[in-house]
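All remarks here apply to the structure that follows.
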Amino acid sequence: MPGAKLAQSPEEGDVCITEALIIKRNLTFPEDEDLSEKMFHTIAELQTVRLDREGITTIRNLESLQNLHSLYLQANKIQRIENLACVPSLRFLSLAGNRIRQVENLRDLPYLQFLDLSENLIEKLKLDEFPQSLLILNLTGNSCTSQEGYRELVTGALPLLMDLDKQPVLERWDSDDEDKASDEEFPELSGPFCSERGFLKELEQDMSRHKEHRQQAALTEHRLRMETQPTLTELPQLPRRSLDGDSSPSVTPRGPQNTVQARKAVRAAGAPKASVARAPSTTKTMTRKIKK
(Lines give C-alpha, C1' and ligand atoms only; values in the text may rest on other atoms or scores of the structure.)
Protein backbone atom coordinates (compact mmCIF):
# COMPACT_ATOMS: atom_id res chain seq x y z
CA MET A 1 0.00 0.00 0.00
CA PRO A 2 1.51 3.36 -0.95
CA GLY A 3 2.45 5.77 1.79
CA ALA A 4 -0.33 8.20 2.62
CA LYS A 5 1.66 11.35 1.94
CA LEU A 6 0.24 14.56 0.58
CA ALA A 7 1.37 15.46 -2.92
CA GLN A 8 3.14 18.77 -3.37
CA SER A 9 3.07 20.71 -6.62
CA PRO A 10 6.02 22.60 -8.05
CA GLU A 11 4.82 25.65 -6.14
CA GLU A 12 6.42 25.52 -2.73
CA GLY A 13 3.98 24.68 0.06
CA ASP A 14 1.15 23.66 -2.29
CA VAL A 15 -0.46 20.53 -0.78
CA CYS A 16 -3.19 18.68 -2.66
CA ILE A 17 -5.36 15.59 -2.26
CA THR A 18 -3.94 12.18 -3.17
CA GLU A 19 -5.47 8.74 -3.61
CA ALA A 20 -3.28 7.49 -0.77
CA LEU A 21 -4.73 10.09 1.59
CA ILE A 22 -8.29 9.20 0.59
CA ILE A 23 -7.57 5.55 1.31
CA LYS A 24 -5.89 6.31 4.64
CA ARG A 25 -8.79 8.42 5.91
CA ASN A 26 -11.75 6.57 4.44
CA LEU A 27 -10.87 2.94 3.69
CA THR A 28 -9.49 -0.04 5.61
CA PHE A 29 -8.27 -3.19 3.90
CA PRO A 30 -6.75 -6.46 5.08
CA GLU A 31 -3.44 -7.27 3.44
CA ASP A 32 -4.03 -8.89 0.09
CA GLU A 33 -2.05 -9.42 -3.07
CA ASP A 34 -4.91 -7.91 -5.08
CA LEU A 35 -5.12 -4.88 -2.83
CA SER A 36 -4.53 -2.28 -5.54
CA GLU A 37 -7.40 -3.50 -7.71
CA LYS A 38 -9.74 -3.71 -4.73
CA MET A 39 -8.83 -0.17 -3.67
CA PHE A 40 -9.55 1.15 -7.14
CA HIS A 41 -13.06 -0.33 -7.24
CA THR A 42 -13.83 0.68 -3.65
CA ILE A 43 -12.73 4.29 -4.13
CA ALA A 44 -15.07 4.56 -7.09
CA GLU A 45 -17.94 3.44 -4.83
CA LEU A 46 -17.27 5.90 -2.00
CA GLN A 47 -20.17 8.25 -1.31
CA THR A 48 -18.73 10.15 1.66
CA VAL A 49 -15.11 11.33 1.90
CA ARG A 50 -13.58 13.00 4.96
CA LEU A 51 -10.37 14.96 4.41
CA ASP A 52 -10.63 17.62 7.10
CA ARG A 53 -7.61 18.90 9.08
CA GLU A 54 -4.98 17.63 6.65
CA GLY A 55 -3.25 20.90 5.74
CA ILE A 56 -4.61 20.71 2.17
CA THR A 57 -4.11 23.90 0.13
CA THR A 58 -5.44 22.81 -3.28
CA ILE A 59 -8.53 20.84 -4.35
CA ARG A 60 -7.69 18.29 -7.05
CA ASN A 61 -7.44 14.56 -7.88
CA LEU A 62 -11.12 13.76 -7.21
CA GLU A 63 -11.78 12.16 -10.61
CA SER A 64 -11.93 8.62 -9.19
CA LEU A 65 -14.81 9.49 -6.83
CA GLN A 66 -17.61 8.86 -9.30
CA ASN A 67 -20.36 8.32 -6.69
CA LEU A 68 -19.35 11.03 -4.23
CA HIS A 69 -22.20 12.98 -2.63
CA SER A 70 -20.61 14.30 0.62
CA LEU A 71 -17.17 15.91 0.87
CA TYR A 72 -15.60 17.20 4.11
CA LEU A 73 -12.72 19.64 3.57
CA GLN A 74 -13.10 21.87 6.63
CA ALA A 75 -10.16 23.13 8.71
CA ASN A 76 -7.58 23.02 5.92
CA LYS A 77 -5.66 25.79 4.12
CA ILE A 78 -7.63 25.87 0.88
CA GLN A 79 -7.56 29.23 -0.92
CA ARG A 80 -9.75 28.55 -3.96
CA ILE A 81 -12.88 26.58 -4.82
CA GLU A 82 -11.84 24.62 -7.91
CA ASN A 83 -11.69 21.24 -9.69
CA LEU A 84 -15.11 20.06 -8.46
CA ALA A 85 -16.75 19.64 -11.86
CA CYS A 86 -15.50 16.02 -11.90
CA VAL A 87 -17.93 15.17 -9.05
CA PRO A 88 -21.26 16.50 -10.39
CA SER A 89 -23.27 14.28 -8.03
CA LEU A 90 -22.01 16.22 -4.98
CA ARG A 91 -24.80 17.27 -2.61
CA PHE A 92 -22.94 18.12 0.59
CA LEU A 93 -19.77 20.26 0.71
CA SER A 94 -18.03 21.61 3.81
CA LEU A 95 -15.24 24.14 3.28
CA ALA A 96 -15.49 25.84 6.66
CA GLY A 97 -12.37 27.19 8.33
CA ASN A 98 -10.22 27.63 5.23
CA ARG A 99 -8.68 30.66 3.46
CA ILE A 100 -11.20 31.13 0.65
CA ARG A 101 -11.65 34.71 -0.55
CA GLN A 102 -14.42 34.37 -3.12
CA VAL A 103 -17.25 32.07 -4.21
CA GLU A 104 -16.51 30.50 -7.60
CA ASN A 105 -16.71 27.34 -9.70
CA LEU A 106 -19.85 25.98 -8.02
CA ARG A 107 -22.29 26.19 -10.92
CA ASP A 108 -21.00 22.86 -12.21
CA LEU A 109 -22.63 21.17 -9.19
CA PRO A 110 -26.32 21.00 -10.15
CA TYR A 111 -27.29 18.81 -7.17
CA LEU A 112 -25.45 20.70 -4.42
CA GLN A 113 -27.88 21.34 -1.55
CA PHE A 114 -25.68 22.00 1.49
CA LEU A 115 -22.71 24.40 1.42
CA ASP A 116 -20.69 25.45 4.47
CA LEU A 117 -18.28 28.33 3.83
CA SER A 118 -18.20 29.67 7.38
CA GLU A 119 -15.02 31.10 8.91
CA ASN A 120 -13.33 32.04 5.64
CA LEU A 121 -12.11 35.36 4.14
CA ILE A 122 -15.01 36.19 1.80
CA GLU A 123 -15.56 39.94 1.59
CA LYS A 124 -17.88 40.24 -1.41
CA LEU A 125 -20.46 37.80 -2.74
CA LYS A 126 -20.95 36.84 -6.36
CA LEU A 127 -24.47 35.54 -6.07
CA ASP A 128 -24.55 34.14 -9.60
CA GLU A 129 -21.77 31.70 -8.61
CA PHE A 130 -24.04 29.80 -6.22
CA PRO A 131 -25.95 26.82 -7.67
CA GLN A 132 -29.72 27.32 -7.67
CA SER A 133 -30.20 23.95 -6.01
CA LEU A 134 -28.93 25.13 -2.58
CA LEU A 135 -31.19 24.46 0.40
CA ILE A 136 -28.77 25.24 3.24
CA LEU A 137 -25.98 27.84 3.16
CA ASN A 138 -23.64 28.93 5.95
CA LEU A 139 -21.49 32.04 5.54
CA THR A 140 -21.06 33.03 9.18
CA GLY A 141 -17.61 34.35 10.09
CA ASN A 142 -17.13 36.13 6.74
CA SER A 143 -17.13 39.89 6.42
CA CYS A 144 -19.61 39.70 3.52
CA THR A 145 -22.41 39.00 6.01
CA SER A 146 -22.19 42.60 7.27
CA GLN A 147 -23.13 43.95 3.84
CA GLU A 148 -26.34 45.98 3.87
CA GLY A 149 -29.33 43.91 2.81
CA TYR A 150 -27.17 40.79 2.80
CA ARG A 151 -29.86 38.34 3.89
CA GLU A 152 -32.46 39.65 1.47
CA LEU A 153 -29.98 39.56 -1.42
CA VAL A 154 -28.97 35.95 -0.77
CA THR A 155 -32.48 34.60 -0.26
CA GLY A 156 -33.67 36.48 -3.33
CA ALA A 157 -30.94 34.94 -5.48
CA LEU A 158 -31.52 31.38 -4.21
CA PRO A 159 -35.24 30.52 -4.53
CA LEU A 160 -34.97 27.10 -2.84
CA LEU A 161 -32.92 28.23 0.15
CA MET A 162 -34.49 27.12 3.45
CA ASP A 163 -31.73 27.96 5.92
CA LEU A 164 -29.15 30.76 5.84
CA ASP A 165 -26.41 31.07 8.47
CA LYS A 166 -28.17 28.56 10.78
CA GLN A 167 -31.37 30.63 10.68
CA PRO A 168 -34.47 29.38 8.82
CA VAL A 169 -35.88 31.40 5.96
CA LEU A 170 -39.24 31.71 7.67
CA GLU A 171 -41.33 32.66 4.66
CA ARG A 172 -40.40 29.33 3.05
CA TRP A 173 -41.28 27.13 6.01
CA ASP A 174 -44.69 25.75 6.85
CA SER A 175 -45.51 26.11 10.54
CA ASP A 176 -45.62 22.33 10.93
CA ASP A 177 -42.31 21.81 9.17
CA GLU A 178 -40.12 24.33 10.97
CA ASP A 179 -39.23 21.92 13.76
CA LYS A 180 -38.42 19.02 11.42
CA ALA A 181 -34.71 18.27 11.28
CA SER A 182 -33.00 18.77 7.95
CA ASP A 183 -30.72 15.84 8.77
CA GLU A 184 -33.34 13.53 7.24
CA GLU A 185 -32.06 14.85 3.93
CA PHE A 186 -28.45 15.13 5.18
CA PRO A 187 -27.54 12.45 7.74
CA GLU A 188 -24.08 14.01 8.00
CA LEU A 189 -25.35 17.41 9.07
CA SER A 190 -24.81 18.34 12.72
CA GLY A 191 -23.17 21.75 12.99
CA PRO A 192 -20.87 24.35 11.45
CA PHE A 193 -17.96 21.93 11.27
CA CYS A 194 -20.17 18.90 10.58
CA SER A 195 -19.15 16.54 13.35
CA GLU A 196 -19.36 12.86 12.56
CA ARG A 197 -23.05 12.37 13.25
CA GLY A 198 -23.36 9.42 10.93
CA PHE A 199 -20.52 7.72 12.76
CA LEU A 200 -22.13 8.34 16.17
CA LYS A 201 -25.42 6.90 14.97
CA GLU A 202 -23.69 3.75 13.72
CA LEU A 203 -21.80 3.49 17.03
CA GLU A 204 -25.05 3.76 19.00
CA GLN A 205 -26.65 1.03 16.88
CA ASP A 206 -23.58 -1.17 17.35
CA MET A 207 -23.68 -0.71 21.13
CA SER A 208 -27.39 -1.51 21.13
CA ARG A 209 -26.72 -4.73 19.22
CA HIS A 210 -24.00 -5.71 21.71
CA LYS A 211 -26.37 -5.00 24.61
CA GLU A 212 -29.08 -7.19 23.11
CA HIS A 213 -26.51 -9.93 22.52
CA ARG A 214 -25.36 -9.81 26.16
CA GLN A 215 -28.95 -9.90 27.41
CA GLN A 216 -29.77 -12.87 25.19
CA ALA A 217 -26.64 -14.71 26.37
CA ALA A 218 -27.56 -14.09 30.02
CA LEU A 219 -31.12 -15.32 29.42
CA THR A 220 -29.83 -18.48 27.70
CA GLU A 221 -27.45 -19.19 30.57
CA HIS A 222 -30.26 -18.70 33.10
CA ARG A 223 -32.52 -21.12 31.22
CA LEU A 224 -29.76 -23.75 31.11
CA ARG A 225 -29.26 -23.45 34.85
CA MET A 226 -32.98 -23.86 35.46
CA GLU A 227 -33.08 -27.00 33.30
CA THR A 228 -30.17 -28.63 35.17
CA GLN A 229 -31.46 -27.74 38.66
CA PRO A 230 -32.61 -30.91 40.57
CA THR A 231 -36.36 -31.18 41.10
CA LEU A 232 -37.44 -31.45 44.73
CA THR A 233 -39.96 -34.25 45.25
CA GLU A 234 -42.02 -35.13 48.34
CA LEU A 235 -40.00 -37.36 50.68
CA PRO A 236 -41.53 -40.75 51.64
CA GLN A 237 -42.95 -41.01 55.19
CA LEU A 238 -40.72 -42.89 57.63
CA PRO A 239 -42.24 -46.06 59.21
CA ARG A 240 -43.78 -45.70 62.70
CA ARG A 241 -42.29 -47.48 65.71
CA SER A 242 -43.78 -50.94 66.11
CA LEU A 243 -45.53 -51.84 69.38
CA ASP A 244 -43.39 -54.93 70.05
CA GLY A 245 -40.44 -52.89 71.26
CA ASP A 246 -38.74 -52.06 67.92
CA SER A 247 -36.19 -49.40 68.71
CA SER A 248 -36.13 -47.88 65.19
CA PRO A 249 -37.04 -44.17 65.16
CA SER A 250 -40.47 -43.17 63.98
CA VAL A 251 -42.03 -39.94 62.83
CA THR A 252 -45.67 -39.53 63.74
CA PRO A 253 -47.36 -36.66 61.97
CA ARG A 254 -49.57 -34.43 63.99
CA GLY A 255 -53.34 -34.48 63.65
CA PRO A 256 -56.54 -35.52 65.42
CA GLN A 257 -56.59 -39.03 63.93
CA ASN A 258 -52.99 -39.76 64.88
CA THR A 259 -53.63 -38.57 68.45
CA VAL A 260 -56.44 -41.15 68.90
CA GLN A 261 -54.21 -43.88 67.55
CA ALA A 262 -51.48 -42.84 69.99
CA ARG A 263 -53.88 -43.11 72.94
CA LYS A 264 -54.95 -46.61 71.84
CA ALA A 265 -51.32 -47.64 71.59
CA VAL A 266 -50.65 -46.37 75.14
CA ARG A 267 -53.61 -48.35 76.50
CA ALA A 268 -52.49 -51.51 74.67
CA ALA A 269 -48.97 -51.05 76.01
CA GLY A 270 -50.30 -50.57 79.55
CA ALA A 271 -52.10 -53.93 79.64
CA PRO A 272 -49.00 -56.17 80.02
CA LYS A 273 -47.72 -53.86 82.76
CA ALA A 274 -50.89 -54.46 84.77
CA SER A 275 -50.55 -58.28 84.60
CA VAL A 276 -46.94 -58.03 85.66
CA ALA A 277 -47.92 -55.87 88.60
CA ARG A 278 -50.41 -58.50 89.81
CA ALA A 279 -47.83 -61.32 89.64
CA PRO A 280 -46.47 -60.96 93.26
CA SER A 281 -49.88 -61.53 94.90
CA THR A 282 -50.41 -64.76 92.94
CA THR A 283 -46.97 -66.01 94.01
CA LYS A 284 -47.71 -65.35 97.69
CA THR A 285 -51.01 -67.32 97.48
CA MET A 286 -49.26 -70.31 95.99
CA THR A 287 -46.60 -70.22 98.75
CA ARG A 288 -49.17 -70.25 101.48
CA LYS A 289 -50.91 -73.30 100.00
CA ILE A 290 -47.64 -75.28 99.95
CA LYS A 291 -46.93 -74.48 103.62
CA LYS A 292 -50.30 -75.79 104.67
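Identifiers in the C-alpha coordinates: chain A, B, ... in order shown; residue index from 1 per chain; ligand index from 1 in order shown.
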
**Report entry** Leu121 (chain A) surroundings by only C-alpha atoms, 10 Å radius, close-in-sequence under 3 positions cut, as a ChimeraX atom specification
**Finding:** /A:79,97-102,117-118,124,141-144

Query raised in the report: Skipping near chain neighbours, those fewer than 5 positions away, what residues fall within 7 Å of region 84-95 of chain A using only C-alpha atoms, listed as a list in words?
Result: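 The residues satisfying every condition are Leu62, Glu63, Leu65, Gln66, Asn67, Leu68, His69, Ser70, Leu71, Tyr72, Leu73, Gln74, Asp108, Leu109, Pro110, Tyr111, Leu112, Gln113, Phe114, Leu115, Asp116 and Leu117 of chain A.
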
Query raised in the report: Taking only C-alpha atoms into account, which of A:Ala75, A:Leu137, A:Leu153, A:Ile59 comes nearest Lys166 (chain A)?
Result: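 Smallest distance to Lys166 (chain A) is found for A:Leu137.
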
Query raised in the report: Separation of CA of Glu82 (chain A) and CA of Glu104 (chain A), in Å?
Result: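 Atom-to-atom, CA of Glu82 (chain A) to CA of Glu104 (chain A), that is 7.5 Å.
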
Query raised in the report: Can you tell me, as a VMD selection string, what residues are no more than 9 Å from region 172-174 of chain A when counting only C-alpha atoms, ignoring any on the same chain fewer than 4 positions away?
Result: chain A and resid 160 to 162 168 178

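Rounded to one decimal, CA of Asp128 (chain A) and CA of Ala157 (chain A) lie 7.6 Å from each other.
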
Requested in this report: Counting only C-alpha atoms, figure out which residue out of A:Tyr150, A:Asn138, A:Asn83, A:Ala218 gets nearest to Lys126 (chain A).
Outcome: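 For Lys126 (chain A), the nearest of the candidates is A:Tyr150.
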
Query raised in the report: Got a sec to tell me which of region 115-185 of chain A DSSP assigns to strand (DSSP E), as an MDAnalysis selection string?
Result: chainID A and resid 115:116 136:138 163:164 167:168
